[in-house]
Structure formats: structure tokens, C-alpha cells
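One file, start.txt, carrying compact mmCIF, C-alpha atoms:
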```txt
# COMPACT_ATOMS: atom_id res chain seq x y z
CA MET A 1 55.98 4.63 -141.84
CA SER A 2 52.55 6.10 -142.46
CA PRO A 3 51.99 9.88 -142.13
CA ARG A 4 49.79 9.19 -139.09
CA LEU A 5 52.52 7.33 -137.22
CA ALA A 6 55.20 9.78 -138.33
CA ALA A 7 53.14 12.61 -136.86
CA GLY A 8 52.93 10.84 -133.51
CA LEU A 9 49.17 10.29 -133.63
CA PRO A 10 47.54 7.33 -131.87
CA GLU A 11 47.67 4.02 -133.67
CA ALA A 12 44.99 2.40 -131.49
CA ALA A 13 42.30 3.57 -129.06
CA LEU A 14 39.87 2.03 -126.58
CA ILE A 15 36.92 3.89 -125.05
CA ASP A 16 35.64 2.13 -121.94
CA GLY A 17 37.44 -0.97 -123.14
CA ARG A 18 35.92 -0.96 -126.64
CA PRO A 19 37.67 -0.05 -129.90
CA GLY A 20 36.03 2.58 -132.04
CA GLY A 21 33.97 4.14 -129.25
CA GLU A 22 33.04 7.79 -128.88
CA VAL A 23 33.41 10.40 -126.15
CA SER A 24 30.41 12.57 -125.31
CA ALA A 25 30.46 16.32 -125.94
CA LEU A 26 29.20 16.60 -122.33
CA GLU A 27 32.26 14.83 -120.92
CA ARG A 28 33.33 16.54 -117.66
CA GLY A 29 36.95 15.80 -118.44
CA LEU A 30 36.61 18.01 -121.52
CA HIS A 31 34.65 20.79 -119.82
CA TYR A 32 36.46 21.04 -116.49
CA GLY A 33 39.56 18.85 -116.64
CA ASP A 34 37.68 16.65 -114.17
CA GLY A 35 39.89 13.60 -114.30
CA LEU A 36 43.35 12.08 -114.23
CA PHE A 37 45.79 10.56 -116.69
CA GLU A 38 48.81 8.26 -116.84
CA THR A 39 51.55 8.04 -119.46
CA ILE A 40 52.86 4.48 -119.59
CA ALA A 41 56.02 3.37 -121.38
CA CYS A 42 55.82 -0.06 -123.01
CA VAL A 43 58.89 -2.11 -123.91
CA ALA A 44 58.90 -5.51 -125.62
CA GLY A 45 55.12 -5.66 -125.48
CA SER A 46 54.91 -5.04 -121.74
CA PRO A 47 53.91 -1.89 -119.78
CA ARG A 48 56.70 -0.97 -117.40
CA LEU A 49 56.14 0.33 -113.86
CA LEU A 50 52.47 -0.62 -114.20
CA PRO A 51 51.95 -1.22 -110.44
CA LEU A 52 53.17 2.32 -109.71
CA HIS A 53 50.88 3.78 -112.37
CA LEU A 54 47.86 1.94 -110.96
CA LYS A 55 48.80 2.94 -107.42
CA ARG A 56 48.98 6.63 -108.36
CA LEU A 57 45.77 6.49 -110.39
CA LEU A 58 43.76 4.88 -107.59
CA HIS A 59 45.20 7.35 -105.08
CA GLY A 60 44.16 10.23 -107.36
CA CYS A 61 40.66 8.81 -107.74
CA ARG A 62 40.28 8.73 -103.96
CA ARG A 63 41.54 12.31 -103.65
CA LEU A 64 39.13 13.59 -106.31
CA ALA A 65 36.21 11.35 -105.25
CA LEU A 66 36.13 9.71 -108.70
CA ASN A 67 34.66 6.26 -109.12
CA PRO A 68 37.83 4.25 -109.76
CA PRO A 69 37.99 1.75 -112.61
CA ASP A 70 38.47 -1.87 -111.65
CA PRO A 71 42.27 -2.26 -111.30
CA ALA A 72 42.34 -5.84 -112.61
CA GLN A 73 40.22 -4.98 -115.66
CA LEU A 74 42.31 -1.88 -116.30
CA ALA A 75 45.56 -3.83 -116.04
CA ASP A 76 44.20 -6.40 -118.52
CA GLU A 77 43.24 -3.68 -121.02
CA ILE A 78 46.62 -1.95 -120.70
CA THR A 79 48.53 -5.20 -121.05
CA ALA A 80 46.48 -6.28 -124.07
CA LEU A 81 46.96 -2.96 -125.88
CA ALA A 82 50.71 -3.02 -125.19
CA ARG A 83 51.12 -6.59 -126.42
CA GLY A 84 52.92 -6.97 -129.74
CA SER A 85 54.55 -3.51 -129.71
CA GLU A 86 58.31 -3.42 -129.31
CA ARG A 87 58.10 0.20 -128.12
CA ALA A 88 54.91 2.15 -127.46
CA VAL A 89 53.45 4.80 -125.19
CA LEU A 90 50.02 4.32 -123.69
CA LYS A 91 48.02 7.29 -122.46
CA LEU A 92 45.27 6.42 -120.01
CA ILE A 93 42.61 9.04 -119.21
CA VAL A 94 40.05 8.49 -116.45
CA THR A 95 37.30 11.07 -115.96
CA ARG A 96 34.22 11.57 -113.82
CA GLY A 97 32.15 10.94 -116.93
CA THR A 98 29.35 12.60 -118.88
CA ALA A 99 27.65 15.54 -117.17
CA HIS A 100 23.97 15.17 -116.27
CA ALA A 101 23.43 18.92 -115.88
CA ARG A 102 25.24 22.16 -116.67
CA GLY A 103 27.57 23.54 -113.99
CA TYR A 104 30.46 22.50 -111.79
CA ALA A 105 28.44 20.40 -109.36
CA ALA A 106 28.37 16.66 -109.98
CA SER A 107 25.04 14.89 -109.68
CA GLY A 108 26.53 11.70 -108.31
CA GLU A 109 24.97 9.74 -111.16
CA GLU A 110 27.94 10.14 -113.51
CA ARG A 111 29.56 7.01 -114.83
CA GLY A 112 33.32 7.30 -115.22
CA THR A 113 34.93 7.30 -118.66
CA ARG A 114 38.25 5.65 -119.42
CA ILE A 115 40.19 6.34 -122.61
CA LEU A 116 43.26 4.34 -123.55
CA LEU A 117 45.45 5.42 -126.47
CA ARG A 118 48.54 3.75 -127.93
CA TYR A 119 51.21 5.88 -129.61
CA PRO A 120 54.35 4.80 -131.44
CA TRP A 121 57.53 5.44 -129.46
CA PRO A 122 60.62 5.81 -131.64
CA LYS A 123 63.98 5.17 -130.00
CA GLU A 124 65.77 8.26 -128.74
CA ASP A 125 69.43 9.13 -129.01
CA GLU A 126 71.24 7.15 -126.28
CA ARG A 127 73.59 10.09 -125.78
CA LEU A 128 70.77 11.91 -123.97
CA THR A 129 70.90 9.31 -121.22
CA ASN A 130 74.67 8.84 -121.26
CA GLU A 131 75.91 12.41 -121.70
CA GLY A 132 72.95 14.39 -120.37
CA VAL A 133 70.74 17.21 -121.62
CA ARG A 134 70.57 20.99 -121.54
CA VAL A 135 67.93 22.56 -119.31
CA ARG A 136 66.63 26.11 -118.82
CA LEU A 137 64.67 27.84 -116.05
CA ALA A 138 61.01 28.65 -116.69
CA GLU A 139 59.64 32.14 -116.25
CA LEU A 140 56.13 30.90 -115.47
CA ARG A 141 55.48 29.97 -111.83
CA LEU A 142 53.27 27.11 -110.68
CA GLY A 143 50.28 28.04 -108.54
CA GLU A 144 50.21 26.46 -105.08
CA ASN A 145 47.14 24.35 -104.30
CA PRO A 146 47.60 21.55 -101.74
CA ALA A 147 44.23 20.00 -102.69
CA LEU A 148 45.66 18.99 -106.09
CA ALA A 149 49.35 18.69 -105.19
CA GLY A 150 50.98 15.50 -106.43
CA LEU A 151 48.08 14.51 -108.70
CA LYS A 152 48.35 14.12 -112.47
CA THR A 153 45.09 15.85 -113.31
CA LEU A 154 43.88 16.62 -116.82
CA ASN A 155 44.50 20.34 -116.36
CA ARG A 156 48.05 20.93 -117.65
CA LEU A 157 47.66 24.56 -118.80
CA GLU A 158 50.56 25.79 -116.66
CA GLN A 159 52.83 23.24 -118.31
CA VAL A 160 51.47 24.12 -121.76
CA LEU A 161 52.26 27.81 -121.23
CA ALA A 162 55.70 27.00 -119.82
CA ARG A 163 56.46 24.85 -122.86
CA PHE A 164 55.67 27.81 -125.11
CA GLU A 165 58.65 29.67 -123.60
CA TRP A 166 61.26 27.91 -125.73
CA SER A 167 61.45 26.27 -129.14
CA THR A 168 65.11 25.41 -129.67
CA PRO A 169 65.59 21.62 -129.93
CA ALA A 170 68.90 21.92 -128.06
CA ILE A 171 66.99 22.56 -124.81
CA ALA A 172 65.37 19.40 -123.47
CA GLU A 173 63.42 20.73 -120.49
CA SER A 174 62.62 23.75 -118.33
CA LEU A 175 62.66 23.69 -114.52
CA MET A 176 59.72 25.32 -112.76
CA PHE A 177 59.37 27.08 -109.41
CA SER A 178 56.20 27.66 -107.43
CA SER A 179 54.62 31.05 -106.86
CA GLY A 180 56.26 30.92 -103.42
CA GLY A 181 59.73 30.44 -104.92
CA ASP A 182 60.24 26.71 -104.30
CA LEU A 183 61.80 24.46 -106.91
CA ILE A 184 59.13 21.95 -107.99
CA SER A 185 59.83 20.07 -111.22
CA GLY A 186 60.32 20.26 -114.95
CA THR A 187 57.41 20.88 -117.30
CA ALA A 188 57.13 17.11 -117.84
CA SER A 189 59.58 15.64 -115.36
CA ASN A 190 60.62 15.46 -111.74
CA VAL A 191 63.99 16.79 -110.66
CA PHE A 192 66.68 15.49 -108.28
CA LEU A 193 69.75 17.29 -106.92
CA VAL A 194 72.99 15.88 -105.50
CA ARG A 195 75.30 17.80 -103.19
CA GLY A 196 78.03 16.29 -101.08
CA GLY A 197 76.85 12.82 -102.08
CA GLU A 198 73.35 13.47 -100.68
CA LEU A 199 70.28 13.12 -102.90
CA ALA A 200 67.29 15.45 -102.65
CA THR A 201 64.06 16.04 -104.55
CA PRO A 202 61.41 18.75 -104.00
CA ARG A 203 58.50 18.18 -101.67
CA LEU A 204 55.25 18.13 -103.64
CA ASP A 205 52.76 19.04 -100.93
CA ARG A 206 51.73 22.38 -102.49
CA CYS A 207 51.93 21.72 -106.22
CA GLY A 208 53.59 19.51 -108.81
CA VAL A 209 53.08 15.93 -109.99
CA ALA A 210 54.46 12.95 -108.07
CA GLY A 211 55.87 10.92 -110.96
CA VAL A 212 56.10 7.14 -111.02
CA MET A 213 59.83 7.33 -111.86
CA ARG A 214 60.24 9.61 -108.85
CA GLU A 215 58.90 6.76 -106.73
CA ALA A 216 61.03 4.23 -108.60
CA VAL A 217 64.12 6.33 -107.85
CA ALA A 218 63.16 6.30 -104.17
CA LEU A 219 63.01 2.49 -104.31
CA GLY A 220 66.32 2.35 -106.17
CA ALA A 221 68.00 4.72 -103.72
CA GLN A 222 66.84 2.56 -100.84
CA ARG A 223 68.29 -0.57 -102.44
CA ALA A 224 71.56 1.26 -103.22
CA ARG A 225 71.67 2.67 -99.68
CA ILE A 226 71.61 6.25 -100.93
CA THR A 227 69.86 8.65 -98.58
CA LEU A 228 67.05 10.55 -100.29
CA LYS A 229 65.48 13.66 -98.81
CA LYS A 230 62.14 15.01 -100.00
CA CYS A 231 62.43 18.60 -98.88
CA THR A 232 61.89 22.26 -99.71
CA LEU A 233 64.45 23.35 -102.30
CA ARG A 234 65.10 26.89 -103.48
CA ALA A 235 67.08 28.54 -106.27
CA GLU A 236 70.22 28.61 -104.11
CA ASP A 237 70.02 24.83 -103.65
CA LEU A 238 69.80 24.37 -107.40
CA ALA A 239 72.77 26.70 -107.90
CA ALA A 240 74.84 24.70 -105.40
CA ALA A 241 73.99 21.27 -106.84
CA GLU A 242 76.90 19.16 -108.07
CA GLU A 243 74.64 16.76 -109.98
CA VAL A 244 71.15 17.25 -111.37
CA PHE A 245 68.98 14.68 -113.09
CA LEU A 246 65.43 14.48 -114.41
CA THR A 247 63.00 11.59 -114.27
CA SER A 248 59.76 10.57 -115.96
CA ALA A 249 58.03 7.38 -117.05
CA LEU A 250 59.44 7.85 -120.56
CA ILE A 251 62.97 9.18 -120.00
CA GLY A 252 63.90 7.13 -116.95
CA VAL A 253 66.86 8.82 -115.23
CA ARG A 254 68.33 11.52 -117.46
CA PRO A 255 71.36 13.58 -116.36
CA VAL A 256 71.53 17.35 -116.80
CA ARG A 257 74.82 18.42 -118.35
CA GLU A 258 73.99 22.11 -118.62
CA LEU A 259 71.64 24.09 -116.39
CA ALA A 260 70.82 27.65 -117.46
CA GLY A 261 74.25 27.94 -119.07
CA ARG A 262 76.19 26.28 -116.20
CA ALA A 263 78.03 23.08 -117.05
CA LEU A 264 77.40 20.08 -114.81
CA ALA A 265 79.12 16.72 -114.57
CA VAL A 266 77.24 13.45 -114.82
CA GLY A 267 78.24 12.30 -111.35
CA PRO A 268 78.51 9.00 -109.47
CA VAL A 269 75.12 9.16 -107.73
CA THR A 270 73.31 9.65 -111.02
CA ARG A 271 75.24 6.78 -112.62
CA ARG A 272 74.60 4.50 -109.65
CA LEU A 273 70.85 5.07 -109.84
CA GLN A 274 70.82 4.58 -113.62
CA GLN A 275 72.49 1.20 -113.08
CA GLU A 276 70.14 0.28 -110.24
CA LEU A 277 67.00 1.08 -112.24
CA ALA A 278 68.13 -0.22 -115.64
CA PRO A 279 66.52 -3.68 -115.19
CA LEU A 280 63.14 -2.05 -114.50
CA LEU A 281 63.37 0.10 -117.61
CA THR A 282 64.47 -2.69 -119.95
CA GLY A 283 61.82 -5.08 -118.67
CA GLU A 284 64.34 -7.53 -117.17
CA GLU A 285 62.84 -6.84 -113.73
CA ARG A 286 59.23 -6.10 -112.83
CA LEU A 287 57.75 -4.49 -109.77
CA PRO A 288 55.58 -6.72 -107.60
CA VAL A 289 51.82 -6.32 -108.00
CA SER A 290 51.71 -5.31 -104.33
CA ALA A 291 53.30 -1.99 -105.31
CA SER A 292 49.88 -0.92 -106.63
CA ALA A 293 48.11 -1.53 -103.35
```
Kindly present the structure from the file in C-alpha cells form.
Amino acid sequence: MSPRLAAGLPEAALIDGRPGGEVSALERGLHYGDGLFETIACVAGSPRLLPLHLKRLLHGCRRLALNPPDPAQLADEITALARGSERAVLKLIVTRGTAHARGYAASGEERGTRILLRYPWPKEDERLTNEGVRVRLAELRLGENPALAGLKTLNRLEQVLARFEWSTPAIAESLMFSSGGDLISGTASNVFLVRGGELATPRLDRCGVAGVMREAVALGAQRARITLKKCTLRAEDLAAAEEVFLTSALIGVRPVRELAGRALAVGPVTRRLQQELAPLLTGEERLPVSASA
């Protein structure tokens, strides 16, 4: 493997659909974080959960008043870049575009920029999914801002600072609370709790990112007839949880076996959802295109 691939750098890139393009130094995504991004797992040459990614992206564009890229063209570009890779991660960035004047205000004449990168995705230790991971609690609190809640914007500085809090490889993730004391998510994952056989995940109406695997779990829970509540959760709810698992586009459903020093079992609800969602993650089953509507 080349040093570039070993370092986890992109092996291919498209700028506005063209290889070898350039991004302007006046790009609003660079100056203000004025844009959105998606992280897409690709297995056997196919992007998984693509309808959910497109659905979230288009929803974010509407919320931020960004000119959305054409969904069909975007899907074609994503599919083409994924083709031929047994395992890859695509990062899609969509911004408002190049600034026409200095300052926060947009002129309305900006033309959106889309950047698509393909990274190698080495296989991870299967024990992380089977036996679970160790998780800590973050000291940094997430600011509450309903205007951006749920969106995967380019500004991830809170997550960057939270990730600086630990360096030991034995810890896989850190759970984050809001400034108001509500449990929200991990630094790069959503979180689910099980107590008394009931499944719950934090509401994301004040902060946090609504992940595509979070939505996939909701679909899987519905099919498995498991009641899922999206509700306000606090530290005491986390302390009382009998099962905890994390989700993201890359990790799927990953059990937590140790939370801030407390041992947890990988319970039946977690296992049931892993089984229910396994065909989606292996590519044996695909979501209907209507899921991106």
C-alpha cells in the first residue's frame, strides 16, 4: 500500500463533477463553514444508505437556503466514484460557493460548490461489533441552537475539541451532553439506550446531528416491532440504561460494553437490531429510492 493510502488520504477527488479541479480561496465553505457534508460508506462498489444521505442533504440545503445539487446527477457521481472499490468512504461537501464580496451576507449570485472525495476504508476488527467498545463522557458541552439542530454542517469545531480530550486507542468514543444537560450524541455517532426492553434515542431539536444510521435504526425498529422513543434524555437515564449502542454510517450498530468505567452487556435489543439491519450494511438489501424524497 502506498504511503498516501496508508495515511488515509483521498485516493480520488471530483470538484463539481470534474477530476483535478480546484477550490477557490474565496469559498464560503472555507471562510464560514457555509455548507453541509455527508460521509458515505461504500461496500462492493456500491454506496450504502444513499437514499437517506440524499434525503438529509436536500433537507439541509432547504434549511440553510443553499441551492441544492441535482439529486440524480449527484447520485450518478457518487455511484461512479464508488464503483470498483470493495470498501471505500466517500465524503461529499456541498457549499454555498465562492463569495462575491467580503462579509457574512450572501449576494444571491453564488454558485454552489460540490466536492466529492474517495478514501480507502480498511476492514475493522469484527470484535468491535460483536463484543462492543469502551466509551467515555466528554467534558465539553454542545451549544444549543435550534436553527442548526440535526444538520451536518461543515462547522465541527465542538467535535474537534471534544476529540482532543482523549488519545488512548482503547476508548472508541465520547458521549456529549448539551449546555442544558441533555444527552445528545457521541463526537461522531448517535446514541441509543435500552431500559426494560424499551429503546430510546435523544431528541435533536436543539443541537446534534441526525445521522442516517439513526434513521435506519428507526426503520429497523419498526420492522422488528420494537418501540423507539425520541425523547429528552439526561445523565440519570444513561446511568440506568441496561444496553447502550452507537450508530453511524461507517460503524453501523456498535454495542457499548463499558461506559465511563461501568460494564454493560450486549443485550437482546441491540442484537436484534444488528440482525435486522445487517442486509442493508452488507449490500444484500437496498433502500428504495423513495426514501430520499
- Task: Select, from A:Lys123, A:Phe177, A:Leu219, A:Tyr32, the residue with the minimum atom-to-atom distance to Tyr104 in chain A, counting only C-alpha atoms.
- Result: A:Tyr32
- Task: Name all residues at most 8 Å from Pro68 in chain A (count all atoms listed in the file; drop same-chain ones fewer than 3 positions away) and give them as a PyMOL selection string.
- Result: chain A and resi 58+61-62+112
Could you write out the selected residues, including C-alpha atoms, as an mmCIF file, in the coordinates of the input?
```
data_model
loop_
_atom_site.group_PDB
_atom_site.id
_atom_site.type_symbol
_atom_site.label_atom_id
_atom_site.label_comp_id
_atom_site.auth_asym_id
_atom_site.auth_seq_id
_atom_site.Cartn_x
_atom_site.Cartn_y
_atom_site.Cartn_z
ATOM 1 C CA LEU A 58 43.760 4.880 -107.590
ATOM 2 C CA CYS A 61 40.660 8.810 -107.740
ATOM 3 C CA ARG A 62 40.280 8.730 -103.960
ATOM 4 C CA GLY A 112 33.320 7.300 -115.220
#
```
- Give as JSON, numbers by chain each residue that has an atom at most 9 Å from (51.0, 5.5, -117.3) in the file, counting all atoms listed in the file. {"A": [37, 38, 39, 40, 41, 47, 48, 49, 50, 52, 53, 54, 57, 89, 90, 91, 92, 212, 249]}
Counting only C-alpha atoms, give me one row per residue of range 167-278 of chain A with an atom at most 8 Å from an atom of range 126-131 of chain A, showing the shortest contact pair and its distance in Å to one decimal, sorted by chain then residue number, as CSV.
```
residue,atom,partner,partner_atom,distance
A:Val253,CA,A:Thr129,CA,7.2
A:Arg254,CA,A:Thr129,CA,5.1
A:Pro255,CA,A:Thr129,CA,6.5
A:Arg257,CA,A:Glu131,CA,7.0
A:Val266,CA,A:Glu131,CA,7.1
```
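Distances from A:Pro120, A:Gly29, A:Gly196, A:Gly261 to Leu9 in chain A were compared using all atoms listed in the file, and the smallest one belongs to A:Pro120.
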- Message: So, with only C-alpha atoms as the atoms that count, which of A:Glu144, A:Glu243, A:Glu109, A:Glu11 lies closest to Gly208 in chain A?
- Response: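 The closest residue to Gly208 in chain A is A:Glu144.
Ranking A:Ala200, A:Val23, A:Leu238, A:Leu259 by their shortest atom-to-atom distance to Asp182 in chain A, with all atoms listed in the file included, puts A:Leu238 first.
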- Write out as a list of chain:residue names the residues lying within 9 Å of Phe192 in chain A, counting only C-alpha atoms and excluding same-chain residues fewer than 2 positions away.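 My list of contacting residues is A:Ser185, A:Asn190, A:Val194, A:Leu199, A:Ala200, A:Thr201, A:Pro202, A:Arg214, A:Glu243, A:Val244, A:Phe245, A:Leu246, A:Thr247.
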- Counting only C-alpha atoms, select every polymer residue within 9 Å of (58.8, 21.9, -116.6) as defined in the file's coordinates, and provide the selection as a ChimeraX atom specification. /A:137-138,159,162-163,173-177,184-190
- Message: Nearest residue to Asn155 in chain A out of A:Ala210, A:Leu36, A:Ala13, A:Ala260, using only C-alpha atoms?
- Response: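 Looking only at the distances to Asn155 in chain A, the closest residue turns out to be A:Leu36.
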- Enter the distance from CA of Val191 in chain A to CA of Ser179 in chain A, in Å, rounded to one decimal.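 Those two atoms sit 17.5 Å apart.
Comparing the minimum interatomic distances between Tyr119 in chain A and each of A:Arg141, A:Arg87, A:Arg18, A:Arg134, counting only C-alpha atoms, we find that A:Arg87 sits nearest.
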- Separation of CA of Ile15 in chain A from CA of Asp70 in chain A, in Å and rounded to one decimal: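 Distance between the two atoms: 14.7 Å.
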- Item | Distance in Å - CA of Arg223 in chain A versus CA of Leu193 in chain A | 18.5 Å
